[in-house]
Amino acid sequence: MLEIQTEKEFMKNELAEEVRMFFPETEQAKVSVQHTAFCENEHTMHRVLVQAEGKHAQCTLQGAAEDQPPMIQKRLDKRAAKLATYRCLETLCGHGQPWGSLTGVRPVSMLRQLKREHNETQFTDVLGVKPEKAALSEEIIRVQDDMMAKADKNSVCVYVGIPFCVTRCSYCSFPAVVAKKGQREAYVSALVKEISATGRLLKDEQKQVCAVYLGGGTPTALTDEQLFTVMQAIQDAFGTGYEYTLEAGRPDTITEEKLSLARKFGVNRLCINPQTMQDRTLQRIGRRHTAAEIVDCYTLARKFGFSHINADIIAGLPGESPADFADTLLQIKALAPSSLTCHTLSIKRGSKLIEEQYLHENAADVAAMVDLARQTAYEMGMQPYYLYRQKHMAGNLENVGYAKPGDACLYNVAMMDEMMDVLALGVGAVSKRIVGSQILRRPNPRDIALYIQRIEEICEQKSAFFHG
């Protein structure tokens, strides 16, 4: 049972996330956090008392100065209260966390912010981020800065989402459903309307598309005709000549016909995502294909001239040992993808793993898997170029994208580290605008029927959002 006491309502979830890093199963552990804010020497002070398993710890830290702008005050106060809670938990449990007190999705963005404030040493010295994670973040910043220096400042990225899959993987929480024929047709029709409206919007704004990401779900779960319709609409709306990624993540949906379509419409980056090369794990997590079929798909993709292929893998899948993961990496290495994304398993609300009350594997084992993936990526001549975190990740670790020089995905950087406007189309997609230091967001409905029903209104709202 978790109890949070604070006068600042916006702090409750933040402090709860700190606790969950140390006590993931808060229903099984009795933990209470008492947070008090008071003024002293023209600053807000944050006193936190944490009680857990019959022990207690207390910490008081200085927050924002009273004369600072409200937005900065809120940010600094939140940071101080979280850190005080983290220090208490660190004392009670006898260990820290890889990313210190950070619970957010984008630690690299946090380091960027600290650099702008000339306080980058806080990343390790104050926030408790481990030196190896800080070094990883610094390397990613260097790679991203090189990429963005070459990007046109008038450019935007476009995401087009297909929410259908042939089966639902046990770890998945995306707004994806098993494909249904009638629903697919209606969805494609609505999506084409949004693509066309977005093309007109970009023309009016005199914006150039630098990257298109056709993701999901599994776009290749569409029929040949439906995929043709979507790709034709993309070409009509945005032209050609940009980075063009197709998620063909499921080998059981990849055919010669679909690869031929991808080549015809200019796709130059293909994602064929094994997740694991262990057949028993593939069956366990609900994927209806084998590791041998993944190998066949890589061979077929290269037959069609695709040289830039990304592979996704997941560390910490149910029942997998470090030895299993090492074998997967050996097989991936033999496939020679040009980029590799190593995800750490996150048990998310809406996934089958939640329904099955699955608990993470040993955190130390998962950390060893993540380290081995990094080592393997370096051996393959890759460098890390983007990183993000999710809630309820094994070992409180991270997801990292690696790529060979020149093969990093611009869309991933723009989306995950919010360095460029992104127009996101389709069910559940979230568009982003960068306005000064603010990130403005506009989500589409997560329900497919509602998206189809409201498509005209969605197009109008997106236009107003980007014109505003």
# chains A, B, ... in the order shown; residues from 1 in each chain; ligands from 1
call {"tool": "residues_around", "arguments": {"residues": "A:Gly249", "least_positions_apart": "4", "cutoff": "9 Å", "atoms": "only C-alpha atoms", "output": "ChimeraX atom specification"}}
result
/A:217-220,253-254,270-274,311-312
call {"tool": "residues_around", "arguments": {"residues": "A:Glu205", "least_positions_apart": "6", "cutoff": "12 Å", "atoms": "only C-alpha atoms", "output": "number ranges by chain"}}
result
A: 154-156, 198-199, 463-464, 466-468
call {"tool": "residues_around", "arguments": {"residues": "A:Ala237", "least_positions_apart": "4", "cutoff": "7 Å", "atoms": "only C-alpha atoms", "output": "list in words"}}
result
Ile195, Ser196, Gly199 and Ala233 of chain A
call {"tool": "residues_around", "arguments": {"residues": "A:Arg288", "least_positions_apart": "4", "cutoff": "9 Å", "atoms": "only C-alpha atoms", "output": "count of residues only"}}
result
7
call {"tool": "residues_around", "arguments": {"residues": "stretch 139-145 of chain A", "least_positions_apart": "4", "cutoff": "10 Å", "atoms": "only C-alpha atoms", "output": "VMD selection string"}}
result
chain A and resid 108 to 109 111 to 112 133 to 135 149 to 151 383 to 387 400 to 402 405 408 410 413 to 414 417 419
call {"tool": "atom_distance", "arguments": {"atom1": "atom CA of A:Asp296", "atom2": "atom CA of A:Leu330"}}
result
16.4 Å
